[in-house]
file query03.cif (mmCIF, C-alpha atoms)
data_my_file
loop_
_atom_site.group_PDB
_atom_site.id
_atom_site.type_symbol
_atom_site.label_atom_id
_atom_site.label_comp_id
_atom_site.auth_asym_id
_atom_site.auth_seq_id
_atom_site.Cartn_x
_atom_site.Cartn_y
_atom_site.Cartn_z
ATOM 1 C CA MET A 1 -5.373 -22.467 13.195
ATOM 2 C CA GLY A 2 -3.548 -20.256 10.689
ATOM 3 C CA HIS A 3 0.105 -19.351 11.046
ATOM 4 C CA LYS A 4 1.406 -15.912 10.090
ATOM 5 C CA PHE A 5 4.612 -15.850 8.061
ATOM 6 C CA GLU A 6 6.961 -13.501 6.232
ATOM 7 C CA LEU A 7 9.507 -14.518 3.607
ATOM 8 C CA ARG A 8 12.180 -12.185 2.222
ATOM 9 C CA LYS A 9 14.405 -12.565 -0.829
ATOM 10 C CA GLU A 10 16.865 -10.240 -2.554
ATOM 11 C CA ILE A 11 18.603 -10.572 -5.910
ATOM 12 C CA GLU A 12 20.768 -8.334 -8.093
ATOM 13 C CA LEU A 13 19.728 -8.381 -11.741
ATOM 14 C CA ALA A 14 21.650 -7.442 -14.880
ATOM 15 C CA ALA A 15 18.873 -5.167 -16.113
ATOM 16 C CA THR A 16 17.597 -1.629 -15.719
ATOM 17 C CA PRO A 17 14.767 -0.798 -13.283
ATOM 18 C CA GLU A 18 12.488 -0.281 -16.294
ATOM 19 C CA GLN A 19 13.273 -3.764 -17.615
ATOM 20 C CA VAL A 20 12.743 -5.322 -14.195
ATOM 21 C CA TRP A 21 9.436 -3.501 -13.797
ATOM 22 C CA ALA A 22 8.213 -4.859 -17.138
ATOM 23 C CA ALA A 23 9.187 -8.355 -15.986
ATOM 24 C CA ILE A 24 7.499 -8.284 -12.581
ATOM 25 C CA ALA A 25 4.518 -5.949 -13.086
ATOM 26 C CA THR A 26 3.018 -6.947 -16.467
ATOM 27 C CA GLY A 27 1.231 -10.164 -17.350
ATOM 28 C CA PRO A 28 3.400 -11.127 -20.350
ATOM 29 C CA GLY A 29 6.534 -10.276 -18.375
ATOM 30 C CA ILE A 30 5.555 -12.413 -15.376
ATOM 31 C CA ASP A 31 4.548 -15.321 -17.625
ATOM 32 C CA SER A 32 8.062 -15.270 -19.115
ATOM 33 C CA TRP A 33 9.708 -16.454 -15.884
ATOM 34 C CA PHE A 34 7.022 -17.478 -13.372
ATOM 35 C CA MET A 35 4.446 -20.266 -13.369
ATOM 36 C CA GLY A 36 0.873 -20.026 -14.622
ATOM 37 C CA GLN A 37 -0.710 -17.127 -16.458
ATOM 38 C CA THR A 38 -1.054 -13.702 -14.845
ATOM 39 C CA GLU A 39 -3.054 -10.636 -15.843
ATOM 40 C CA VAL A 40 -2.211 -7.344 -14.139
ATOM 41 C CA ASP A 41 -4.586 -4.405 -13.790
ATOM 42 C CA PRO A 42 -1.978 -1.575 -13.801
ATOM 43 C CA ARG A 43 -3.239 0.708 -11.044
ATOM 44 C CA GLU A 44 -3.583 0.797 -7.290
ATOM 45 C CA GLY A 45 -6.838 -0.933 -6.450
ATOM 46 C CA GLY A 46 -6.727 -2.919 -9.693
ATOM 47 C CA ARG A 47 -7.697 -6.587 -9.815
ATOM 48 C CA ASN A 48 -5.107 -9.137 -10.916
ATOM 49 C CA THR A 49 -5.786 -12.728 -11.920
ATOM 50 C CA PHE A 50 -3.496 -15.749 -11.660
ATOM 51 C CA THR A 51 -4.508 -18.966 -13.439
ATOM 52 C CA MET A 52 -2.845 -22.355 -13.115
ATOM 53 C CA ALA A 53 -4.132 -25.883 -13.727
ATOM 54 C CA GLY A 54 -7.610 -24.535 -14.448
ATOM 55 C CA HIS A 55 -7.885 -22.617 -11.165
ATOM 56 C CA THR A 56 -8.019 -18.799 -11.099
ATOM 57 C CA GLU A 57 -7.155 -16.663 -8.076
ATOM 58 C CA GLU A 58 -7.786 -12.928 -7.804
ATOM 59 C CA SER A 59 -5.740 -10.351 -5.938
ATOM 60 C CA THR A 60 -5.874 -6.585 -5.425
ATOM 61 C CA VAL A 61 -3.036 -4.202 -6.309
ATOM 62 C CA THR A 62 -2.082 -2.437 -3.068
ATOM 63 C CA ALA A 63 0.907 -0.449 -4.374
ATOM 64 C CA TRP A 64 1.629 0.778 -7.911
ATOM 65 C CA GLU A 65 4.755 2.938 -8.247
ATOM 66 C CA PRO A 66 6.198 2.195 -11.702
ATOM 67 C CA GLY A 67 9.888 1.389 -11.576
ATOM 68 C CA LYS A 68 9.915 1.361 -7.774
ATOM 69 C CA ARG A 69 7.246 -0.654 -5.956
ATOM 70 C CA PHE A 70 4.552 -3.184 -6.870
ATOM 71 C CA ALA A 71 2.429 -5.000 -4.292
ATOM 72 C CA TYR A 72 -0.741 -7.059 -4.284
ATOM 73 C CA GLY A 73 -2.637 -9.437 -2.022
ATOM 74 C CA THR A 74 -5.571 -11.828 -1.865
ATOM 75 C CA GLU A 75 -8.627 -11.463 0.341
ATOM 76 C CA PRO A 76 -8.670 -13.621 3.508
ATOM 77 C CA GLY A 77 -10.427 -16.952 3.009
ATOM 78 C CA PRO A 78 -12.925 -18.598 5.383
ATOM 79 C CA ASP A 79 -9.989 -19.991 7.390
ATOM 80 C CA GLY A 80 -8.269 -16.603 7.542
ATOM 81 C CA GLY A 81 -5.581 -17.587 5.052
ATOM 82 C CA PHE A 82 -4.285 -14.998 2.579
ATOM 83 C CA MET A 83 -1.166 -14.152 0.588
ATOM 84 C CA ALA A 84 0.529 -10.821 -0.121
ATOM 85 C CA ILE A 85 3.567 -10.029 -2.259
ATOM 86 C CA GLU A 86 5.602 -6.829 -2.445
ATOM 87 C CA TYR A 87 8.415 -6.065 -4.900
ATOM 88 C CA LEU A 88 10.860 -3.221 -4.246
ATOM 89 C CA ILE A 89 13.128 -2.072 -7.082
ATOM 90 C CA GLU A 90 16.390 -0.181 -6.574
ATOM 91 C CA GLY A 91 18.562 0.892 -9.482
ATOM 92 C CA ARG A 92 22.319 0.443 -9.201
ATOM 93 C CA ASP A 93 25.328 1.639 -11.189
ATOM 94 C CA GLN A 94 26.064 0.310 -14.682
ATOM 95 C CA GLY A 95 22.458 -0.566 -15.425
ATOM 96 C CA SER A 96 21.922 -3.217 -12.762
ATOM 97 C CA THR A 97 19.014 -3.443 -10.332
ATOM 98 C CA VAL A 98 18.417 -4.904 -6.892
ATOM 99 C CA LEU A 99 15.013 -6.529 -6.488
ATOM 100 C CA ARG A 100 13.669 -7.204 -3.016
ATOM 101 C CA LEU A 101 10.727 -9.531 -2.529
ATOM 102 C CA VAL A 102 8.565 -9.771 0.585
ATOM 103 C CA GLN A 103 5.888 -12.460 0.719
ATOM 104 C CA SER A 104 3.624 -12.605 3.748
ATOM 105 C CA GLY A 105 0.288 -13.983 4.855
ATOM 106 C CA VAL A 106 -1.330 -16.763 6.811
ATOM 107 C CA LEU A 107 -0.740 -20.442 6.063
ATOM 108 C CA GLY A 108 -2.684 -23.489 7.202
ATOM 109 C CA ASP A 109 -1.846 -26.343 9.547
ATOM 110 C CA ASN A 110 0.900 -27.687 7.268
ATOM 111 C CA TRP A 111 2.575 -24.272 7.248
ATOM 112 C CA GLU A 112 6.173 -25.456 7.827
ATOM 113 C CA THR A 113 6.168 -27.642 4.703
ATOM 114 C CA GLU A 114 4.470 -24.903 2.670
ATOM 115 C CA TYR A 115 6.937 -22.284 3.900
ATOM 116 C CA GLU A 116 9.962 -24.413 2.986
ATOM 117 C CA ALA A 117 8.493 -25.123 -0.453
ATOM 118 C CA MET A 118 8.009 -21.395 -1.060
ATOM 119 C CA GLN A 119 11.578 -20.628 0.063
ATOM 120 C CA VAL A 120 13.086 -23.076 -2.413
ATOM 121 C CA GLY A 121 10.562 -22.330 -5.141
ATOM 122 C CA TRP A 122 11.422 -18.634 -5.062
ATOM 123 C CA ASP A 123 15.116 -19.493 -5.418
ATOM 124 C CA MET A 124 14.327 -21.278 -8.677
ATOM 125 C CA TYR A 125 11.947 -18.647 -10.022
ATOM 126 C CA LEU A 126 14.145 -15.683 -9.113
ATOM 127 C CA GLY A 127 17.020 -17.501 -10.798
ATOM 128 C CA THR A 128 14.765 -17.840 -13.835
ATOM 129 C CA LEU A 129 13.913 -14.132 -13.646
ATOM 130 C CA ALA A 130 17.631 -13.304 -13.612
ATOM 131 C CA ALA A 131 18.169 -15.433 -16.725
ATOM 132 C CA TYR A 132 15.148 -13.889 -18.421
ATOM 133 C CA VAL A 133 16.120 -10.237 -17.999
ATOM 134 C CA ARG A 134 19.759 -10.959 -18.849
ATOM 135 C CA HIS A 135 19.360 -13.180 -21.906
ATOM 136 C CA PHE A 136 15.850 -12.439 -23.242
ATOM 137 C CA PRO A 137 15.141 -8.778 -22.368
ATOM 138 C CA GLY A 138 11.971 -7.406 -23.877
ATOM 139 C CA ARG A 139 10.876 -10.780 -25.256
ATOM 140 C CA HIS A 140 7.869 -12.796 -24.130
ATOM 141 C CA ALA A 141 7.608 -16.537 -23.692
ATOM 142 C CA ALA A 142 5.089 -19.272 -24.331
ATOM 143 C CA GLN A 143 4.909 -21.633 -21.386
ATOM 144 C CA VAL A 144 4.961 -25.414 -21.288
ATOM 145 C CA ALA A 145 3.910 -26.884 -17.955
ATOM 146 C CA ALA A 146 3.595 -30.577 -17.151
ATOM 147 C CA PHE A 147 3.231 -32.608 -13.977
ATOM 148 C CA ARG A 148 4.040 -36.178 -13.012
ATOM 149 C CA PRO A 149 2.896 -37.441 -9.600
ATOM 150 C CA GLY A 150 4.653 -40.438 -8.118
ATOM 151 C CA ALA A 151 7.866 -39.627 -9.974
ATOM 152 C CA GLY A 152 10.104 -41.670 -7.641
ATOM 153 C CA GLU A 153 12.833 -40.963 -5.149
ATOM 154 C CA PRO A 154 14.822 -37.749 -5.717
ATOM 155 C CA ASP A 155 18.186 -39.423 -6.371
ATOM 156 C CA GLN A 156 16.627 -41.657 -9.006
ATOM 157 C CA VAL A 157 14.659 -38.845 -10.600
ATOM 158 C CA TRP A 158 17.604 -36.457 -10.892
ATOM 159 C CA ALA A 159 19.913 -39.185 -12.189
ATOM 160 C CA ALA A 160 17.352 -39.856 -14.924
ATOM 161 C CA VAL A 161 16.888 -36.163 -15.766
ATOM 162 C CA ALA A 162 20.624 -35.452 -15.835
ATOM 163 C CA GLY A 163 21.289 -38.611 -17.836
ATOM 164 C CA ALA A 164 18.687 -37.593 -20.397
ATOM 165 C CA PHE A 165 20.661 -34.360 -20.888
ATOM 166 C CA GLY A 166 23.918 -36.286 -21.290
ATOM 167 C CA ILE A 167 25.247 -35.256 -17.869
ATOM 168 C CA SER A 168 27.128 -37.778 -15.750
ATOM 169 C CA GLY A 169 28.508 -37.184 -12.278
ATOM 170 C CA GLU A 170 27.867 -33.977 -10.354
ATOM 171 C CA VAL A 171 25.438 -31.505 -11.909
ATOM 172 C CA VAL A 172 27.053 -28.061 -11.979
ATOM 173 C CA GLU A 173 26.158 -24.724 -13.554
ATOM 174 C CA GLY A 174 27.914 -24.185 -16.859
ATOM 175 C CA ALA A 175 27.865 -27.839 -17.884
ATOM 176 C CA PRO A 176 26.786 -28.519 -21.483
ATOM 177 C CA ALA A 177 23.395 -30.195 -21.826
ATOM 178 C CA ARG A 178 21.716 -31.907 -24.778
ATOM 179 C CA LEU A 179 18.380 -33.696 -24.911
ATOM 180 C CA VAL A 180 16.498 -35.269 -27.809
ATOM 181 C CA LEU A 181 12.714 -35.657 -27.573
ATOM 182 C CA ASP A 182 10.513 -37.248 -30.203
ATOM 183 C CA GLY A 183 8.729 -34.557 -32.191
ATOM 184 C CA LEU A 184 11.058 -31.703 -31.196
ATOM 185 C CA ALA A 185 14.349 -30.336 -32.482
ATOM 186 C CA PRO A 186 17.325 -31.339 -30.308
ATOM 187 C CA ILE A 187 17.662 -29.176 -27.211
ATOM 188 C CA GLU A 188 21.218 -27.938 -26.773
ATOM 189 C CA GLY A 189 22.237 -25.552 -24.038
ATOM 190 C CA THR A 190 23.920 -25.032 -20.703
ATOM 191 C CA VAL A 191 22.968 -25.889 -17.133
ATOM 192 C CA ASP A 192 22.142 -22.530 -15.541
ATOM 193 C CA LEU A 193 20.407 -23.686 -12.339
ATOM 194 C CA ALA A 194 21.706 -26.556 -10.221
ATOM 195 C CA GLY A 195 19.652 -26.460 -7.045
ATOM 196 C CA LEU A 196 19.495 -30.211 -6.510
ATOM 197 C CA PRO A 197 17.794 -32.087 -4.951
ATOM 198 C CA THR A 198 14.947 -29.653 -5.597
ATOM 199 C CA TYR A 199 15.389 -27.909 -8.951
ATOM 200 C CA PHE A 200 17.408 -27.943 -12.153
ATOM 201 C CA GLY A 201 17.488 -25.661 -15.187
ATOM 202 C CA VAL A 202 18.914 -25.497 -18.695
ATOM 203 C CA ARG A 203 19.177 -22.374 -20.844
ATOM 204 C CA THR A 204 19.343 -22.488 -24.630
ATOM 205 C CA ASP A 205 19.443 -19.739 -27.242
ATOM 206 C CA ASP A 206 15.642 -19.596 -27.298
ATOM 207 C CA ALA A 207 14.303 -21.175 -24.097
ATOM 208 C CA LEU A 208 14.559 -21.672 -20.352
ATOM 209 C CA TYR A 209 13.839 -25.238 -19.246
ATOM 210 C CA ARG A 210 12.920 -25.733 -15.585
ATOM 211 C CA PHE A 211 12.459 -28.928 -13.543
ATOM 212 C CA LEU A 212 11.171 -28.921 -9.958
ATOM 213 C CA TYR A 213 10.966 -31.927 -7.628
ATOM 214 C CA SER A 214 8.362 -31.889 -4.886
ATOM 215 C CA GLY A 215 8.507 -34.545 -2.204
ATOM 216 C CA THR A 216 6.145 -34.572 0.788
ATOM 217 C CA ASP A 217 4.493 -37.120 3.045
ATOM 218 C CA ARG A 218 1.698 -37.171 0.462
ATOM 219 C CA GLY A 219 4.014 -38.360 -2.307
ATOM 220 C CA SER A 220 6.459 -37.047 -4.872
ATOM 221 C CA ALA A 221 6.059 -35.169 -8.125
ATOM 222 C CA LEU A 222 8.247 -33.892 -10.941
ATOM 223 C CA VAL A 223 7.053 -30.575 -12.337
ATOM 224 C CA LEU A 224 8.188 -28.996 -15.601
ATOM 225 C CA ASN A 225 7.790 -25.273 -16.225
ATOM 226 C CA HIS A 226 9.490 -24.262 -19.469
ATOM 227 C CA HIS A 227 9.567 -20.836 -21.147
ATOM 228 C CA LEU A 228 9.906 -20.823 -24.944
ATOM 229 C CA PHE A 229 11.041 -17.536 -26.505
ATOM 230 C CA ASP A 230 11.001 -18.637 -30.141
ATOM 231 C CA ALA A 231 8.065 -16.800 -31.701
ATOM 232 C CA GLY A 232 7.424 -19.821 -33.928
ATOM 233 C CA ALA A 233 7.427 -22.379 -31.110
ATOM 234 C CA ASP A 234 4.748 -25.075 -31.290
ATOM 235 C CA GLN A 235 3.421 -24.800 -27.752
ATOM 236 C CA VAL A 236 0.899 -27.626 -28.139
ATOM 237 C CA GLY A 237 3.422 -29.974 -29.729
ATOM 238 C CA ALA A 238 6.034 -29.133 -27.097
ATOM 239 C CA HIS A 239 3.580 -29.855 -24.293
ATOM 240 C CA ARG A 240 2.701 -33.211 -25.833
ATOM 241 C CA ALA A 241 6.361 -34.184 -26.237
ATOM 242 C CA TRP A 242 7.273 -33.212 -22.683
ATOM 243 C CA GLN A 243 4.262 -34.947 -21.155
ATOM 244 C CA GLU A 244 5.162 -38.131 -23.037
ATOM 245 C CA TRP A 245 8.707 -37.786 -21.708
ATOM 246 C CA LEU A 246 7.368 -37.390 -18.165
ATOM 247 C CA ASP A 247 5.251 -40.507 -18.531
ATOM 248 C CA GLN A 248 8.438 -42.622 -18.285
ATOM 249 C CA PHE A 249 8.554 -41.778 -14.584
ATOM 250 C CA PRO A 250 8.592 -43.240 -11.924
ATOM 251 C CA VAL A 251 12.084 -44.532 -12.441
ATOM 252 C CA GLY A 252 13.594 -47.408 -10.548
#
call {"tool": "encode", "arguments": {"input": "query03.cif", "output": "structure tokens"}}
result
Amino acid sequence: MGHKFELRKEIELAATPEQVWAAIATGPGIDSWFMGQTEVDPREGGRNTFTMAGHTEESTVTAWEPGKRFAYGTEPGPDGGFMAIEYLIEGRDQGSTVLRLVQSGVLGDNWETEYEAMQVGWDMYLGTLAAYVRHFPGRHAAQVAAFRPGAGEPDQVWAAVAGAFGISGEVVEGAPARLVLDGLAPIEGTVDLAGLPTYFGVRTDDALYRFLYSGTDRGSALVLNHHLFDAGADQVGAHRAWQEWLDQFPVG
């Protein structure tokens, strides 16, 4: 039997309402901080598409008020499950904006685990949105996504990830981070998300690197979702290098 839910998040962003709108209500904007690839039909009643790992999901735009409100939702499935998202934008003084997110719908039997995963996942992605509009306004990213099932226990995984970036001891925001991967220029930046034991992020002058750990009774996985803002970035080569790096897991 399905379980109704509602999830609410709020974040203040160092950007104008117009910049936030472009980030949350256009396909290239969404792809620059969220997962997968999104296409937005910019009108009430329009059909959006969201594609990830070869699967495409459609949704209908239920509210389209540029600079103020954007909402969309999927059709109920055979089991009654559906998902709806609403963004509310409120401009503040000195060019900042408050963004409110409401996600609602019906989840399946494993709803508690799904709900918790969405709670934490939104913390990471809204943190990525904040970094995007603050440090890369108006730019669009190429994504690199990679997945490693059976990555290992969280303490081991995060010790390996942090160690690869030259970080020892506690992982804190603001710490310098440097990683060298075969086939890529050295990655040098700063830790800008430290939501361990679930997520970790590094910001450089031309990219946002994101690492998400998923552990359930069905196993563990380490997921990478990077956003490259260098117009000359080799997306294919970067994906290959990161997948080869992931193949070293599980650690132990």
call {"tool": "residues_near_point", "arguments": {"input": "query03.cif", "point": "(-1.0, -18.8, 3.6)", "cutoff": "12 Å", "atoms": "all atoms listed in the file", "output": "PyMOL selection string"}}
result
chain A and resi 1-7+73-77+79-85+103-115+118
call {"tool": "resolve_selection", "arguments": {"input": "query03.cif", "expression": "the PyMOL selection byres ((chain A and resi 123-133) around 9)", "output": "PyMOL selection string"}}
result
chain A and resi 9-15+19-20+23-24+30+32-35+118-122+134-139+192-193+195+198-201+203+208+210+212
call {"tool": "resolve_selection", "arguments": {"input": "query03.cif", "expression": "the PyMOL selection byres ((chain A and resi 58) around 12)", "output": "ChimeraX atom specification"}}
result
/A:37-41,46-52,55-57,59-61,72-77,82-84
call {"tool": "resolve_selection", "arguments": {"input": "query03.cif", "expression": "the PyMOL selection byres ((chain A and resi 226-238) around 7)", "output": "list in words"}}
result
Ser32, Trp33, Arg139, His140, Ala141, Ala142, Gln143, Val144, Ala145, Leu184, Asp206, Ala207, Leu208, Tyr209, Arg210, Leu224, Asn225, His239, Arg240, Ala241 and Trp242 of chain A
call {"tool": "atom_distance", "arguments": {"input": "query03.cif", "atom1": "CA of Pro197 (chain A)", "atom2": "CA of Trp158 (chain A)"}}
result
7.4 Å
call {"tool": "closest_residue", "arguments": {"input": "query03.cif", "among": "A:Val180, A:Ala221, A:Ala53, A:Leu101", "to": "Phe165 (chain A)", "atoms": "all atoms listed in the file"}}
result
A:Val180
call {"tool": "atom_distance", "arguments": {"input": "query03.cif", "atom1": "CA of Ser214 (chain A)", "atom2": "CA of Ala151 (chain A)"}}
result
9.3 Å
call {"tool": "atom_distance", "arguments": {"input": "query03.cif", "atom1": "CA of Gly174 (chain A)", "atom2": "CA of Ala159 (chain A)"}}
result
17.6 Å
call {"tool": "closest_residue", "arguments": {"input": "query03.cif", "among": "A:Phe70, A:Ile167, A:Thr16, A:Ala25", "to": "Asp93 (chain A)", "atoms": "all atoms listed in the file"}}
result
A:Thr16
call {"tool": "axis_aligned_box", "arguments": {"input": "query03.cif", "around": "region 95-109 of chain A", "padding_each_side": "3 Å", "output": "AutoDock Vina command-line options"}}
result
--center_x 9.9 --center_y -13.5 --center_z -2.9 --size_x 31.1 --size_y 31.8 --size_z 31.0
call {"tool": "closest_residue", "arguments": {"input": "query03.cif", "among": "A:Thr204, A:Ala146, A:Asp31, A:Glu244", "to": "Ile187 (chain A)", "atoms": "all atoms listed in the file"}}
result
A:Thr204
call {"tool": "closest_residue", "arguments": {"input": "query03.cif", "among": "A:Asp205, A:Gly215, A:Pro149, A:Pro250", "to": "Ala117 (chain A)", "atoms": "only C-alpha atoms"}}
result
A:Gly215
call {"tool": "closest_residue", "arguments": {"input": "query03.cif", "among": "A:Glu90, A:Glu44, A:Asp247, A:Glu170", "to": "Trp21 (chain A)", "atoms": "all atoms listed in the file"}}
result
A:Glu90
call {"tool": "residues_near_point", "arguments": {"input": "query03.cif", "point": "(14.0, -41.2, -5.1)", "cutoff": "9 Å", "atoms": "all atoms listed in the file", "output": "PyMOL selection string"}}
result
chain A and resi 151-158+220+250-252
call {"tool": "build_atoms", "arguments": {"input": "query03.cif", "residues": "region 152-174 of chain A", "atoms": "N, CA, C and O atoms", "output": "CSV table (one decimal), in the frame of the given file"}}
result
chain,number,residue,atom,x,y,z
A,152,GLY,N,9.0,-40.8,-8.2
A,152,GLY,CA,10.1,-41.7,-7.6
A,152,GLY,C,10.9,-40.9,-6.6
A,152,GLY,O,10.6,-39.8,-6.3
A,153,GLU,N,12.0,-41.6,-6.1
A,153,GLU,CA,12.8,-41.0,-5.1
A,153,GLU,C,13.7,-39.9,-5.8
A,153,GLU,O,14.1,-40.1,-7.0
A,154,PRO,N,14.1,-38.9,-5.1
A,154,PRO,CA,14.8,-37.7,-5.7
A,154,PRO,C,16.1,-38.2,-6.4
A,154,PRO,O,16.4,-37.7,-7.5
A,155,ASP,N,16.9,-39.0,-5.8
A,155,ASP,CA,18.2,-39.4,-6.4
A,155,ASP,C,18.0,-40.1,-7.7
A,155,ASP,O,18.7,-39.9,-8.7
A,156,GLN,N,16.9,-41.0,-7.8
A,156,GLN,CA,16.6,-41.7,-9.0
A,156,GLN,C,16.1,-40.7,-10.1
A,156,GLN,O,16.5,-40.8,-11.2
A,157,VAL,N,15.2,-39.8,-9.6
A,157,VAL,CA,14.7,-38.8,-10.6
A,157,VAL,C,15.7,-38.0,-11.2
A,157,VAL,O,15.8,-37.8,-12.4
A,158,TRP,N,16.6,-37.4,-10.4
A,158,TRP,CA,17.6,-36.5,-10.9
A,158,TRP,C,18.7,-37.2,-11.7
A,158,TRP,O,19.2,-36.6,-12.7
A,159,ALA,N,19.0,-38.4,-11.4
A,159,ALA,CA,19.9,-39.2,-12.2
A,159,ALA,C,19.3,-39.4,-13.6
A,159,ALA,O,20.0,-39.3,-14.6
A,160,ALA,N,18.0,-39.7,-13.6
A,160,ALA,CA,17.4,-39.9,-14.9
A,160,ALA,C,17.3,-38.6,-15.7
A,160,ALA,O,17.5,-38.6,-16.9
A,161,VAL,N,17.0,-37.4,-15.1
A,161,VAL,CA,16.9,-36.2,-15.8
A,161,VAL,C,18.3,-35.8,-16.3
A,161,VAL,O,18.4,-35.4,-17.5
A,162,ALA,N,19.3,-35.8,-15.4
A,162,ALA,CA,20.6,-35.5,-15.8
A,162,ALA,C,21.1,-36.4,-16.9
A,162,ALA,O,21.7,-35.9,-17.9
A,163,GLY,N,20.9,-37.7,-16.8
A,163,GLY,CA,21.3,-38.6,-17.8
A,163,GLY,C,20.6,-38.3,-19.2
A,163,GLY,O,21.3,-38.5,-20.2
A,164,ALA,N,19.4,-37.9,-19.2
A,164,ALA,CA,18.7,-37.6,-20.4
A,164,ALA,C,19.3,-36.4,-21.1
A,164,ALA,O,19.3,-36.3,-22.3
A,165,PHE,N,20.0,-35.5,-20.3
A,165,PHE,CA,20.7,-34.4,-20.9
A,165,PHE,C,22.1,-34.7,-21.2
A,165,PHE,O,22.9,-33.7,-21.5
A,166,GLY,N,22.5,-35.9,-21.0
A,166,GLY,CA,23.9,-36.3,-21.3
A,166,GLY,C,24.9,-35.9,-20.2
A,166,GLY,O,26.1,-35.7,-20.5
A,167,ILE,N,24.4,-35.7,-19.0
A,167,ILE,CA,25.2,-35.3,-17.9
A,167,ILE,C,25.5,-36.4,-17.0
A,167,ILE,O,24.6,-37.1,-16.5
A,168,SER,N,26.8,-36.7,-16.7
A,168,SER,CA,27.1,-37.8,-15.8
A,168,SER,C,27.9,-37.2,-14.6
A,168,SER,O,28.6,-36.1,-14.8
A,169,GLY,N,27.8,-37.7,-13.4
A,169,GLY,CA,28.5,-37.2,-12.3
A,169,GLY,C,27.8,-36.0,-11.7
A,169,GLY,O,26.5,-35.8,-11.9
A,170,GLU,N,28.5,-35.1,-11.0
A,170,GLU,CA,27.9,-34.0,-10.4
A,170,GLU,C,27.3,-33.0,-11.4
A,170,GLU,O,27.9,-32.7,-12.4
A,171,VAL,N,26.1,-32.5,-11.1
A,171,VAL,CA,25.4,-31.5,-11.9
A,171,VAL,C,25.9,-30.1,-11.5
A,171,VAL,O,25.6,-29.7,-10.3
A,172,VAL,N,26.5,-29.4,-12.3
A,172,VAL,CA,27.1,-28.1,-12.0
A,172,VAL,C,26.6,-27.0,-13.0
A,172,VAL,O,26.4,-27.4,-14.2
A,173,GLU,N,26.5,-25.8,-12.6
A,173,GLU,CA,26.2,-24.7,-13.6
A,173,GLU,C,27.3,-24.6,-14.6
A,173,GLU,O,28.5,-24.7,-14.2
A,174,GLY,N,26.9,-24.3,-15.8
A,174,GLY,CA,27.9,-24.2,-16.9
A,174,GLY,C,28.2,-25.4,-17.7
A,174,GLY,O,28.8,-25.4,-18.7
